[in-house]
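Colleague: Below is a structure I'd like to ask you about.
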Amino acid sequence: AQSVAQPEDQVNVAEGNPLTVKCTYSVSGNPYLFWYVQYPNRGLQFLLKYITGDNLVKGSYGFEAEFNKSQTSFHLKKPSALVSDSALYFCAVRDSGTYKYIFGTGTRLKVLA
Amino acid sequence: DAGVTQSPTHLIKTRGQQVTLRCSPKSGHDTVSWYQQALGQGPQFIFQYYEEEERQRGNFPDRFSGHQFPNYSSELNVNALLLGDSALYLCASSLFPAGDLNTEAFFGQGTRLTVV
């Protein structure tokens with residue numbers, strides 16, 4: 001069965017510092033990986049995806065993610081955090097057979113001014 | 001482009017009642033999926049509709065049913081509501097990936113259902 005894990009419930013970072021939100025995955029076959037962000041009382045907003053190609057994927061709002069096949073990881077990164085980045089972040093894998101998304105439990109990012 | 005729209009945004013129902021949630025997909029999308037997000041958890045897949053048929057279903061009881069209309073919009077129906085059905089219900093639209101996997105799902109803002 002395919003799954004993703006987000007080992008940190010919350011990540012705190014000072015504004016201007018780099019941030020990393022961790023995600024590991026378990027899939028059979030090729031992984032189709034996604035990051036979504038959720039602001040309070042809102043739906044999910046797409047940030048970026050890895051389907052194939054370069055291991056470093058660039059997305060919206062200055063976010064990027066590094067796909068590491070050997071470590072089965074897909075960590076979300078940003079060089080310089082903003083207070084407005086504070087939100088709930090979800091890593092997801094898309095099942096290649098059913099096309100449903102399987103989400104992690106989410107990581108709350110708090111950027112401190 | 002209005003994106004994915006869901007209605008209503010909030011709803012309060014009593015145990016045992018029935019509820020219908022609605023979703024209009026992003027323009028050009030033909031596939032609608034529904035997810036349940038309980039408080040403090042990630043979204044859980046309920047089912048997916050394409051060409052007015054349920055294509056995939058997650059681990060949810062038959063009390064959860066749906067429908068897709070010819071214009072691709074969709075409804076989620078939940079019968080005999082339980083307190084545990086209280087959650088944010090998210091609709092996601094996408095293109096049915098007939099060979100093209102390089103697409104992502106777009107989510108609506110959700111319907112917050114509270115069962116009392």
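Letters A, B, ... mark the chains of the structure tokens in the order given; residue numbers begin at 1 per chain; ligand numbers begin at 1, in order shown.
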Counting only C-alpha atoms, what is within 7 Å of A:Leu88, bar same-chain residues fewer than 4 positions away, as a list of chain:residue names?
Modeller: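 The residues satisfying every condition are A:Val37, A:Gln38, A:Tyr39, A:Gly106, A:Thr107, A:Arg108, A:Leu109.
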Colleague: Considering only C-alpha atoms, tabulate each residue of chain B that lies at most 10 Å from chain A along with its nearest interatomic pair and the corresponding distance in Å to one decimal; arrange the rows by chain and ascending residue number and present them as a tab-separated table.
Modeller:
```
residue	atom	partner	partner_atom	distance
B:Val4	CA	A:Gly43	CA	9.8
B:Thr9	CA	A:Asn41	CA	9.6
B:Ser33	CA	A:Lys100	CA	7.9
B:Trp34	CA	A:Lys100	CA	9.7
B:Tyr35	CA	A:Tyr101	CA	9.3
B:Gly40	CA	A:Thr105	CA	7.6
B:Gln41	CA	A:Thr105	CA	5.2
B:Gly42	CA	A:Thr105	CA	4.6
B:Pro43	CA	A:Phe103	CA	6.2
B:Gln44	CA	A:Ile102	CA	7.2
B:Phe45	CA	A:Lys100	CA	6.7
B:Ile46	CA	A:Lys100	CA	9.2
B:Phe47	CA	A:Lys100	CA	8.3
B:Gln48	CA	A:Lys100	CA	7.8
B:Arg55	CA	A:Thr98	CA	8.3
B:Gln56	CA	A:Thr98	CA	6.6
B:Arg57	CA	A:Lys100	CA	9.1
B:Gly58	CA	A:Lys100	CA	8.8
B:Leu88	CA	A:Gly43	CA	8.9
B:Tyr89	CA	A:Gly43	CA	9.2
B:Leu90	CA	A:Gly43	CA	6.9
B:Cys91	CA	A:Gly43	CA	8.8
B:Ala92	CA	A:Leu44	CA	9.1
B:Ser94	CA	A:Tyr99	CA	10.0
B:Phe96	CA	A:Tyr99	CA	8.6
B:Pro97	CA	A:Tyr99	CA	7.9
B:Leu101	CA	A:Ile51	CA	7.7
B:Asn102	CA	A:Ile51	CA	6.5
B:Thr103	CA	A:Lys49	CA	8.9
B:Glu104	CA	A:Phe46	CA	7.7
B:Ala105	CA	A:Phe46	CA	7.8
B:Phe106	CA	A:Phe46	CA	7.0
B:Phe107	CA	A:Leu44	CA	5.6
B:Gly108	CA	A:Gly43	CA	5.4
B:Gln109	CA	A:Gly43	CA	3.8
B:Gly110	CA	A:Gly43	CA	5.6
B:Thr111	CA	A:Gly43	CA	9.1
B:Arg112	CA	A:Asn41	CA	8.6
```
Colleague: Would you work out the distance separating atom CA of A:Tyr25 from atom CA of A:Asp95, expressed in Å to one decimal?
Modeller: 11.8 Å
Colleague: Env of A:Leu76: 9 Å cut, atoms = only C-alpha atoms, seq-sep filter 6 positions within chain, self excluded. Answer as a PyMOL selection string.
Modeller: chain A and resi 19-23+35+63-66+91
Colleague: What residues in stretch 14-102 of chain A get the DSSP label helix (DSSP H, G or I)? Please answer as a list of chain:residue names.
Modeller: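 Residues of stretch 14-102 of chain A classed as helix (DSSP H, G or I): A:Ser60, A:Tyr61, A:Gly62, A:Val83, A:Ser84, A:Asp85.
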Colleague: Mind writing the picked residues with N, CA, C and O atoms as a PDB file, in the first residue's frame?
Modeller:
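result30.pdb written:
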```pdb
ATOM      1  N   SER A  60       5.437  27.105  -6.461  1.00  0.00           N
ATOM      2  CA  SER A  60       4.872  28.433  -6.215  1.00  0.00           C
ATOM      3  C   SER A  60       5.467  29.073  -4.973  1.00  0.00           C
ATOM      4  O   SER A  60       5.935  28.373  -4.061  1.00  0.00           O
ATOM      5  N   TYR A  61       5.407  30.415  -4.934  1.00  0.00           N
ATOM      6  CA  TYR A  61       5.762  31.211  -3.756  1.00  0.00           C
ATOM      7  C   TYR A  61       7.190  30.968  -3.275  1.00  0.00           C
ATOM      8  O   TYR A  61       7.479  31.113  -2.082  1.00  0.00           O
ATOM      9  N   GLY A  62       8.090  30.579  -4.162  1.00  0.00           N
ATOM     10  CA  GLY A  62       9.489  30.400  -3.810  1.00  0.00           C
ATOM     11  C   GLY A  62       9.819  29.062  -3.186  1.00  0.00           C
ATOM     12  O   GLY A  62      10.959  28.841  -2.764  1.00  0.00           O
ATOM     13  N   VAL A  83       6.664  35.332   7.251  1.00  0.00           N
ATOM     14  CA  VAL A  83       5.591  35.112   8.234  1.00  0.00           C
ATOM     15  C   VAL A  83       4.339  34.588   7.539  1.00  0.00           C
ATOM     16  O   VAL A  83       3.614  33.728   8.072  1.00  0.00           O
ATOM     17  N   SER A  84       4.091  35.058   6.336  1.00  0.00           N
ATOM     18  CA  SER A  84       2.905  34.651   5.581  1.00  0.00           C
ATOM     19  C   SER A  84       2.970  33.199   5.108  1.00  0.00           C
ATOM     20  O   SER A  84       1.968  32.665   4.612  1.00  0.00           O
ATOM     21  N   ASP A  85       4.117  32.544   5.264  1.00  0.00           N
ATOM     22  CA  ASP A  85       4.213  31.124   4.932  1.00  0.00           C
ATOM     23  C   ASP A  85       3.612  30.242   6.024  1.00  0.00           C
ATOM     24  O   ASP A  85       3.466  29.030   5.837  1.00  0.00           O
TER      25      ASP A  85
END
```
Colleague: Looking only at strand (DSSP E or B) from DSSP on the backbone, list the matching residues of chain B as a PyMOL selection string.
Modeller: chain B and resi 5-7+10-13+19-24+31-37+44-50+53-57+64-68+74-78+87-94+106-107+111-115
Colleague: Excluding B:Cys23 and residues on its chain fewer than 3 positions from it, collect all residues at most 7 Å away from it, counting only C-alpha atoms, and give them as a list in words.
Modeller: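 Skipping anything fewer than 3 positions along the chain leaves Thr5, Gln6, Ser7, Ser73, Ser74, Glu75 and Cys91 of chain B.
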Colleague: Rounded to one decimal place, report the atom CA of A:Ser28-atom CA of B:Gly66 distance in Å.
Modeller: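 Between atom CA of A:Ser28 and atom CA of B:Gly66 the gap works out to 29.5 Å.
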Colleague: Write out as a ChimeraX atom specification each polymer residue whose atoms come within 6 Å of A:Val111, counting only C-alpha atoms; drop sequence neighbours fewer than 6 positions from it.
Modeller: /A:12-15,83,86
Colleague: Please identify all polymer residues within 6 Å of A:Thr24, counting only C-alpha atoms, omitting same-chain residues fewer than 6 positions from it, and present them as a short mmCIF file (atom, residue, chain, number, x, y, z; two decimals) with C-alpha atoms, in the first residue's frame.
Modeller:
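Here's the written file part_22.cif:
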```cif
data_model
loop_
_atom_site.label_atom_id
_atom_site.label_comp_id
_atom_site.auth_asym_id
_atom_site.auth_seq_id
_atom_site.Cartn_x
_atom_site.Cartn_y
_atom_site.Cartn_z
CA VAL A 4 3.45 9.15 3.01
CA ALA A 5 4.78 10.17 6.38
CA THR A 72 12.46 7.83 -0.36
CA SER A 73 12.08 11.44 0.66
#
```
Colleague: What does the distance between atom CA of B:Gln37 and atom CA of B:Asn77 come to in Å, to one decimal place?
Modeller: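 Spanning atom CA of B:Gln37 to atom CA of B:Asn77 is a straight-line distance of 15.8 Å.
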Colleague: What's the 7 Å shell around B:Tyr50, counting only C-alpha atoms, without same-chain residues fewer than 2 positions away, as a list in words?
Modeller: Asp30, Thr31, Val32, Gln48, Glu52, Glu53, Glu54 and Arg55 of chain B
